[in-house]
$ cat final.cif   # mmCIF, C-alpha atoms
data_upload
#
loop_
_atom_site.label_atom_id
_atom_site.label_comp_id
_atom_site.auth_asym_id
_atom_site.auth_seq_id
_atom_site.Cartn_x
_atom_site.Cartn_y
_atom_site.Cartn_z
CA MET A 1 80.22 129.16 68.40
CA SER A 2 78.17 126.86 66.26
CA ASP A 3 74.75 125.89 67.58
CA ASP A 4 75.50 122.23 68.23
CA ASP A 5 75.74 119.88 71.18
CA SER A 6 79.34 120.73 72.10
CA GLN A 7 79.11 124.44 72.66
CA LEU A 8 79.51 126.71 75.67
CA THR A 9 76.16 126.86 77.45
CA ASN A 10 74.72 128.58 80.50
CA ASN A 11 73.44 125.43 82.20
CA ASN A 12 76.46 123.15 81.75
CA GLY A 13 79.32 125.49 82.61
CA GLY A 14 80.59 124.93 86.14
CA SER A 15 80.98 128.63 86.69
CA ALA A 16 83.21 129.72 89.51
CA SER A 17 81.91 131.18 92.72
CA GLY A 18 84.50 133.28 94.48
CA ALA A 19 87.82 134.65 93.30
CA GLY A 20 90.11 132.11 91.76
CA SER A 21 87.80 129.13 92.10
CA VAL A 22 86.88 126.72 89.32
CA GLY A 23 84.05 124.35 88.71
CA ASN A 24 84.22 121.54 86.20
CA HIS A 25 82.61 118.28 85.32
CA THR A 26 82.74 115.78 82.48
CA THR A 27 79.69 114.73 80.52
CA GLN A 28 78.80 112.77 77.41
CA ASN A 29 77.24 114.82 74.59
CA SER A 30 73.49 114.32 74.76
CA GLY A 31 71.87 116.97 72.59
CA LYS A 32 71.29 120.70 72.32
CA GLY A 33 71.07 122.87 75.39
CA ASP A 34 67.56 123.95 76.39
CA GLU A 35 68.50 127.48 77.33
CA GLU A 36 69.15 130.16 74.78
CA GLN A 37 72.73 131.30 74.46
CA GLN A 38 73.62 134.66 75.92
CA GLN A 39 75.69 136.88 73.69
CA PHE A 40 79.44 136.29 74.01
CA GLN A 41 81.79 139.22 73.60
CA PHE A 42 84.63 136.80 72.94
CA VAL A 43 84.76 133.26 71.57
CA CYS A 44 87.72 131.29 70.26
CA LYS A 45 88.41 127.68 69.38
CA ILE A 46 91.59 125.68 68.96
CA ASP A 47 91.77 122.04 67.92
CA ASN A 48 94.71 121.20 70.19
CA ALA A 49 94.55 122.57 73.74
CA ARG A 50 98.03 121.24 74.43
CA ILE A 51 99.48 124.03 72.28
CA LEU A 52 98.08 126.65 74.66
CA HIS A 53 99.14 124.67 77.71
CA ASN A 54 102.71 124.38 76.46
CA ILE A 55 103.02 128.10 75.73
CA LEU A 56 101.36 129.32 78.92
CA SER A 57 103.35 126.91 81.08
CA ALA A 58 106.37 129.07 80.26
CA LEU A 59 104.88 131.77 82.52
CA ALA A 60 104.22 129.47 85.49
CA TYR A 61 106.53 130.00 88.45
CA LYS A 62 104.20 128.93 91.28
CA LYS A 63 102.57 125.55 91.85
CA ASP A 64 99.26 127.11 92.82
CA GLY A 65 97.65 130.45 93.46
CA GLN A 66 99.49 132.29 90.70
CA MET A 67 97.43 135.08 89.16
CA ALA A 68 97.69 136.46 85.64
CA THR A 69 96.17 139.34 83.71
CA LEU A 70 94.43 138.38 80.47
CA SER A 71 94.09 141.05 77.79
CA ILE A 72 91.79 140.34 74.83
CA SER A 73 91.96 142.27 71.58
CA ALA A 74 91.09 141.71 67.94
CA ASN A 75 94.70 140.63 67.36
CA GLY A 76 94.80 137.88 69.97
CA LEU A 77 95.32 137.11 73.65
CA LYS A 78 98.03 138.39 75.95
CA PHE A 79 98.72 136.79 79.34
CA THR A 80 100.84 138.78 81.80
CA VAL A 81 102.37 137.70 85.11
CA GLU A 82 104.28 140.03 87.44
CA GLU A 83 106.33 139.97 90.61
CA SER A 84 106.50 143.36 92.34
CA ASN A 85 108.27 145.91 90.12
CA SER A 86 111.16 143.61 89.23
CA PHE A 87 109.72 140.97 86.92
CA GLN A 88 107.13 140.64 84.17
CA GLY A 89 106.34 137.81 81.78
CA ASN A 90 104.08 138.03 78.71
CA ALA A 91 102.74 135.32 76.41
CA PHE A 92 101.26 136.44 73.09
CA LEU A 93 98.72 134.19 71.36
CA GLN A 94 98.02 135.66 67.95
CA GLN A 95 94.51 135.14 66.61
CA GLU A 96 95.99 133.10 63.72
CA LEU A 97 96.82 130.40 66.27
CA PHE A 98 93.11 129.65 66.65
CA GLN A 99 90.78 127.91 64.21
CA GLU A 100 88.02 130.34 65.25
CA TYR A 101 88.41 133.77 66.84
CA HIS A 102 85.61 136.28 67.35
CA PHE A 103 85.75 139.42 69.47
CA SER A 104 83.02 142.07 69.39
CA SER A 105 84.57 144.63 71.77
CA LYS A 106 87.65 146.84 71.45
CA HIS A 107 89.57 145.60 74.47
CA GLU A 108 88.94 143.57 77.62
CA GLN A 109 91.32 143.02 80.52
CA PHE A 110 90.87 141.10 83.76
CA LYS A 111 92.72 138.87 86.22
CA ILE A 112 92.26 135.11 86.56
CA ASN A 113 93.77 132.34 88.62
CA PHE A 114 96.50 131.28 86.20
CA SER A 115 97.35 128.08 88.08
CA LEU A 116 93.77 126.87 87.76
CA LEU A 117 93.70 127.76 84.08
CA LEU A 118 96.71 125.52 83.47
CA ASP A 119 95.04 122.74 85.47
CA CYS A 120 91.94 123.03 83.29
CA LEU A 121 93.94 122.94 80.06
CA ASN A 122 95.67 119.77 81.26
CA ILE A 123 92.60 118.11 82.73
CA TYR A 124 92.85 115.10 80.38
CA GLY A 125 96.55 114.65 81.12
CA SER A 126 99.68 115.50 79.17
CA GLY A 127 99.57 112.16 77.34
CA ALA A 128 96.05 112.62 76.01
CA SER A 129 95.41 112.69 72.29
CA PHE A 130 94.17 115.91 70.72
CA VAL A 131 91.81 117.78 73.04
CA SER A 132 89.81 120.59 71.45
CA LEU A 133 89.18 123.78 73.40
CA GLN A 134 86.59 126.53 73.19
CA ILE A 135 86.85 129.68 75.31
CA GLY A 136 84.03 132.14 75.85
CA TYR A 137 83.56 135.39 77.76
CA ARG A 138 80.29 137.33 78.02
CA GLY A 139 81.72 140.53 79.46
CA TYR A 140 82.42 142.34 82.71
CA GLY A 141 81.56 140.36 85.82
CA HIS A 142 81.15 137.05 84.00
CA PRO A 143 83.50 134.08 84.36
CA LEU A 144 85.86 132.93 81.65
CA LEU A 145 84.31 129.72 80.31
CA LEU A 146 86.29 126.80 78.92
CA LEU A 147 84.94 123.75 77.14
CA LEU A 148 87.34 120.89 76.46
CA GLU A 149 86.37 117.90 74.36
CA GLN A 150 88.04 114.57 73.75
CA GLY A 151 86.45 111.59 72.06
CA GLY A 152 82.89 112.67 72.71
CA ALA A 153 83.42 113.54 76.38
CA THR A 154 83.29 117.21 77.34
CA THR A 155 84.52 119.11 80.37
CA HIS A 156 83.18 122.57 81.26
CA CYS A 157 85.19 124.94 83.47
CA GLY A 158 84.47 128.43 84.72
CA LEU A 159 87.17 130.74 86.05
CA SER A 160 86.25 133.80 88.10
CA THR A 161 87.38 137.10 86.60
CA LEU A 162 88.66 139.95 88.77
CA ASP A 163 89.30 143.60 88.07
CA SER A 164 92.86 143.96 86.88
CA GLU A 165 95.31 146.40 88.39
CA GLN A 166 97.50 148.69 86.34
CA LEU A 167 100.29 146.62 84.81
CA ASN A 168 103.86 147.75 85.30
CA ASN A 169 105.27 149.67 82.38
CA PHE A 170 108.92 148.74 82.20
CA ASN A 171 109.35 151.15 79.28
CA PHE A 172 112.22 149.04 77.96
CA ARG A 173 112.61 151.13 74.81
CA GLY A 174 112.52 154.35 76.83
CA HIS A 175 116.26 153.84 77.34
CA ASN A 176 118.83 153.04 74.69
CA ILE A 177 119.27 149.36 73.93
CA VAL A 178 123.00 148.88 74.13
CA ASN A 179 123.49 145.12 73.87
CA LYS A 180 121.68 142.30 72.09
CA VAL A 181 122.43 138.65 71.38
CA ILE A 182 120.37 135.99 69.61
CA MET A 183 121.09 132.34 70.42
CA GLU A 184 119.59 128.94 69.82
CA ALA A 185 117.64 128.35 73.03
CA PRO A 186 119.30 124.99 73.90
CA PHE A 187 122.73 126.65 73.95
CA LEU A 188 121.56 129.39 76.32
CA LYS A 189 119.81 126.86 78.55
CA GLU A 190 123.01 124.81 78.74
CA ALA A 191 124.94 127.92 79.81
CA PHE A 192 122.49 128.77 82.59
CA ASP A 193 122.37 125.14 83.73
CA GLU A 194 126.12 125.32 84.42
CA LEU A 195 125.62 128.02 87.07
CA ASP A 196 125.43 127.42 90.81
CA TRP A 197 121.69 127.59 91.50
CA SER A 198 122.23 127.63 95.24
CA SER A 199 123.43 131.22 94.79
CA THR A 200 121.08 134.14 95.30
CA ASN A 201 122.15 136.21 92.32
CA ALA A 202 123.55 135.84 88.81
CA THR A 203 125.67 138.34 86.91
CA ILE A 204 125.51 138.91 83.17
CA THR A 205 128.44 140.60 81.46
CA LEU A 206 128.52 141.67 77.85
CA SER A 207 131.55 143.21 76.19
CA PRO A 208 132.59 143.55 72.55
CA ASN A 209 134.74 140.44 73.03
CA ASP A 210 132.60 138.03 75.01
CA PHE A 211 129.44 137.06 76.84
CA ARG A 212 129.66 135.86 80.46
CA LEU A 213 127.26 134.37 82.99
CA SER A 214 128.46 133.99 86.57
CA THR A 215 127.30 133.19 90.08
CA ALA A 216 129.01 133.39 93.46
CA GLY A 217 127.80 131.86 96.70
CA ALA A 218 128.66 129.85 99.78
CA SER A 219 129.64 126.83 97.68
CA GLY A 220 131.97 128.85 95.46
CA SER A 221 131.86 130.71 92.19
CA CYS A 222 131.02 129.61 88.67
CA GLN A 223 131.20 131.32 85.30
CA VAL A 224 130.43 130.46 81.70
CA ASP A 225 132.11 132.39 78.88
CA TYR A 226 131.44 132.54 75.15
CA PRO A 227 133.62 134.57 72.77
CA HIS A 228 131.71 136.99 70.56
CA ASP A 229 132.43 134.92 67.45
CA SER A 230 131.21 131.63 68.96
CA GLU A 231 128.95 129.54 66.75
CA VAL A 232 126.30 129.57 69.50
CA PHE A 233 125.39 133.15 68.52
CA GLU A 234 123.15 133.84 65.58
CA SER A 235 123.74 137.52 66.25
CA PHE A 236 126.03 139.40 68.66
CA GLU A 237 125.72 143.18 69.00
CA CYS A 238 127.55 144.99 71.80
CA LYS A 239 127.79 148.76 71.88
CA SER A 240 129.43 149.02 75.30
CA HIS A 241 130.77 146.91 78.15
CA GLN A 242 128.01 146.16 80.65
CA THR A 243 127.80 144.14 83.86
CA ASN A 244 124.54 143.70 85.79
CA THR A 245 123.40 141.41 88.59
CA TYR A 246 119.94 139.87 88.91
CA LYS A 247 118.11 137.73 91.44
CA LEU A 248 118.19 134.14 90.26
CA ALA A 249 114.63 133.66 91.49
CA LEU A 250 113.47 136.33 89.02
CA LEU A 251 115.54 134.92 86.17
CA SER A 252 114.24 131.41 86.78
CA PRO A 253 110.93 131.63 84.83
CA ALA A 254 112.68 133.06 81.77
CA ILE A 255 115.32 130.32 81.95
CA LYS A 256 112.70 127.60 82.43
CA ALA A 257 110.99 128.74 79.21
CA LEU A 258 114.19 128.00 77.27
CA SER A 259 113.24 124.31 77.34
CA ILE A 260 110.33 124.88 74.93
CA ALA A 261 111.86 127.68 72.84
CA GLN A 262 113.74 127.30 69.59
CA LYS A 263 115.48 130.67 69.63
CA THR A 264 115.98 133.42 72.21
CA GLN A 265 116.90 137.08 71.98
CA MET A 266 118.47 138.73 75.03
CA ARG A 267 118.62 142.51 75.16
CA LEU A 268 119.95 144.96 77.73
CA ASN A 269 119.13 148.64 77.84
CA GLU A 270 121.40 151.30 79.32
CA ILE A 271 119.96 151.03 82.85
CA GLY A 272 120.46 147.26 82.91
CA LEU A 273 116.86 146.17 82.36
CA LEU A 274 117.06 142.69 80.83
CA SER A 275 114.67 141.44 78.15
CA PHE A 276 114.24 137.85 77.02
CA GLN A 277 112.17 137.08 73.94
CA HIS A 278 111.59 133.38 73.33
CA MET A 279 110.41 132.18 69.93
CA ILE A 280 108.30 129.03 70.27
CA GLU A 281 107.30 126.91 67.29
CA ASN A 282 104.06 125.13 68.04
CA GLU A 283 103.02 121.66 66.92
CA ASP A 284 101.07 123.20 64.05
CA LYS A 285 104.19 125.16 62.97
CA ASN A 286 102.72 128.52 64.04
CA ILE A 287 105.12 130.81 65.91
CA SER A 288 104.37 132.29 69.33
CA PHE A 289 106.45 134.59 71.51
CA VAL A 290 106.96 134.73 75.26
CA ASP A 291 108.71 137.81 76.69
CA PHE A 292 110.24 138.48 80.08
CA PHE A 293 111.57 141.67 81.66
CA VAL A 294 113.86 141.42 84.68
CA ALA A 295 115.18 144.43 86.58
CA PRO A 296 118.75 144.37 87.94
CA LEU A 297 119.53 144.72 91.61
CA GLU A 298 118.67 148.24 92.73
CA GLU A 299 122.26 149.25 93.28
CA ASP A 300 123.13 148.23 89.71
CA MET A 301 120.23 150.22 88.29
CA ASN A 302 121.22 153.28 90.31
CA ASP A 303 124.83 153.01 89.10
CA ASN A 304 123.65 152.72 85.48
CA GLU A 305 121.45 155.81 85.81
CA ASP A 306 124.28 157.94 87.22
#
$ encode --input "final.cif" --output "structure tokens"
Amino acid sequence: MSDDDSQLTNNNGGSASGAGSVGNHTTQNSGKGDEEQQQFQFVCKIDNARILHNILSALAYKKDGQMATLSISANGLKFTVEESNSFQGNAFLQQELFQEYHFSSKHEQFKINFSLLLDCLNIYGSGASFVSLQIGYRGYGHPLLLLLEQGGATTHCGLSTLDSEQLNNFNFRGHNIVNKVIMEAPFLKEAFDELDWSSTNATITLSPNDFRLSTAGASGSCQVDYPHDSEVFESFECKSHQTNTYKLALLSPAIKALSIAQKTQMRLNEIGLLSFQHMIENEDKNISFVDFFVAPLEEDMNDNED
């Protein structure tokens, strides 16, 4: 970062103490820091923090205490959230999204409190005018530092970093991909909104002739059908008839993300593993992608493997 009065510094950052804690305060710029900068392994800057908040919010499925794994590479940032072995969400922030991006290592990976990160990114409120953001990381054992600036006021946050566990490898391409559809996201959201969300599970059926979403519960059953040649599909590829059932609670984050996506690709492999890929056009017209993998109910997966 440039050596000016709105840079990440050792003495101003409210570095976290304890896993998942955050310190922050707001100051007015008052001159250069007195202490010499330590070397950062990673530094990036974006002029509009709301872009990151909007993308990362697609992965949020808990109000607080949600953890995420952050992977840093020369190509960009990857945030991953997981729920047991049945669900994984990934947000990819390519380095082109940032006005500055510098990384001196090969790869870094650690866990952070994702809920607190979103709170920091939104600290000036969703209605605030452009808020610039700088992120810095000095290396293993150090907190992830955030500096947000709006109209001369700056807020420094520090998020504790934890050793990351091995991420689940869903190996989606390790099995044949048998079905794939691409839809405008608002059409797919409308279809899911028609389902009975008091149900526990949802069933997805793809055949050469149509696409069906259905639920069944105490209040009755509901289904939404689209013929294969419907105008809602940009692409419809079905190699074989397939029916799989998923927990609605696991589908929910992927469906929530439809509200900020422009286009969505749904794929199913031969064991019923479901992949969503949401294409999100940011305010600056850059494209970002958020992916989700959802495993079917165990009995469905076992039937598909037989």
$ closest_residue --input "final.cif" --among "A:Leu268, A:Leu93, A:Ile112, A:Ile255" --to "Ala58 in chain A" --atoms "all atoms listed in the file"
A:Ile255
$ resolve_selection --input "final.cif" --expression "the PyMOL selection byres ((chain A and resi 50) around 8)" --output "PyMOL selection string"
chain A and resi 48-49+51-54+121-122+126+130-131
$ write_last_selection --input "final.cif" --atoms "C-alpha atoms" --output "compact mmCIF listing (two decimals), in the frame of the given file"
# COMPACT_ATOMS: atom_id res chain seq x y z
CA ASN A 48 94.71 121.20 70.19
CA ALA A 49 94.55 122.57 73.74
CA ILE A 51 99.48 124.03 72.28
CA LEU A 52 98.08 126.65 74.66
CA HIS A 53 99.14 124.67 77.71
CA ASN A 54 102.71 124.38 76.46
CA LEU A 121 93.94 122.94 80.06
CA ASN A 122 95.67 119.77 81.26
CA SER A 126 99.68 115.50 79.17
CA PHE A 130 94.17 115.91 70.72
CA VAL A 131 91.81 117.78 73.04
$ closest_residue --input "final.cif" --among "A:Pro208, A:Pro143, A:Gly272, A:Gly136" --to "Tyr226 in chain A" --atoms "all atoms listed in the file"
A:Pro208
$ resolve_selection --input "final.cif" --expression "the PyMOL selection byres ((chain A and resi 232-241) around 10)" --output "VMD selection string"
chain A and resid 177 to 188 205 to 211 226 to 231 242 to 243 263 to 268 270
$ residues_near_point --input "final.cif" --point "(89.7, 134.4, 62.0)" --cutoff "12 Å" --atoms "all atoms listed in the file" --output "JSON, numbers by chain"
{"A": [43, 44, 45, 46, 74, 75, 76, 94, 95, 96, 97, 98, 99, 100, 101, 102, 103]}
$ residues_around --input "final.cif" --residues "Leu145 in chain A" --least-positions-apart "3" --cutoff "7 Å" --atoms "all atoms listed in the file" --output "compact mmCIF listing (two decimals) with C-alpha atoms, keeping the file's coordinate frame"
# COMPACT_ATOMS: atom_id res chain seq x y z
CA GLY A 13 79.32 125.49 82.61
CA ILE A 135 86.85 129.68 75.31
CA GLY A 136 84.03 132.14 75.85
CA TYR A 137 83.56 135.39 77.76
CA CYS A 157 85.19 124.94 83.47
CA GLY A 158 84.47 128.43 84.72
CA LEU A 159 87.17 130.74 86.05
$ resolve_selection --input "final.cif" --expression "the PyMOL selection byres ((chain A and resi 260) around 9)" --output "ChimeraX atom specification"
/A:54-55,58,185,256-259,261-262,278-281
$ residues_around --input "final.cif" --residues "range 248-250 of chain A" --least-positions-apart "5" --cutoff "6 Å" --atoms "only C-alpha atoms" --output "ChimeraX atom specification"
/A:200-202
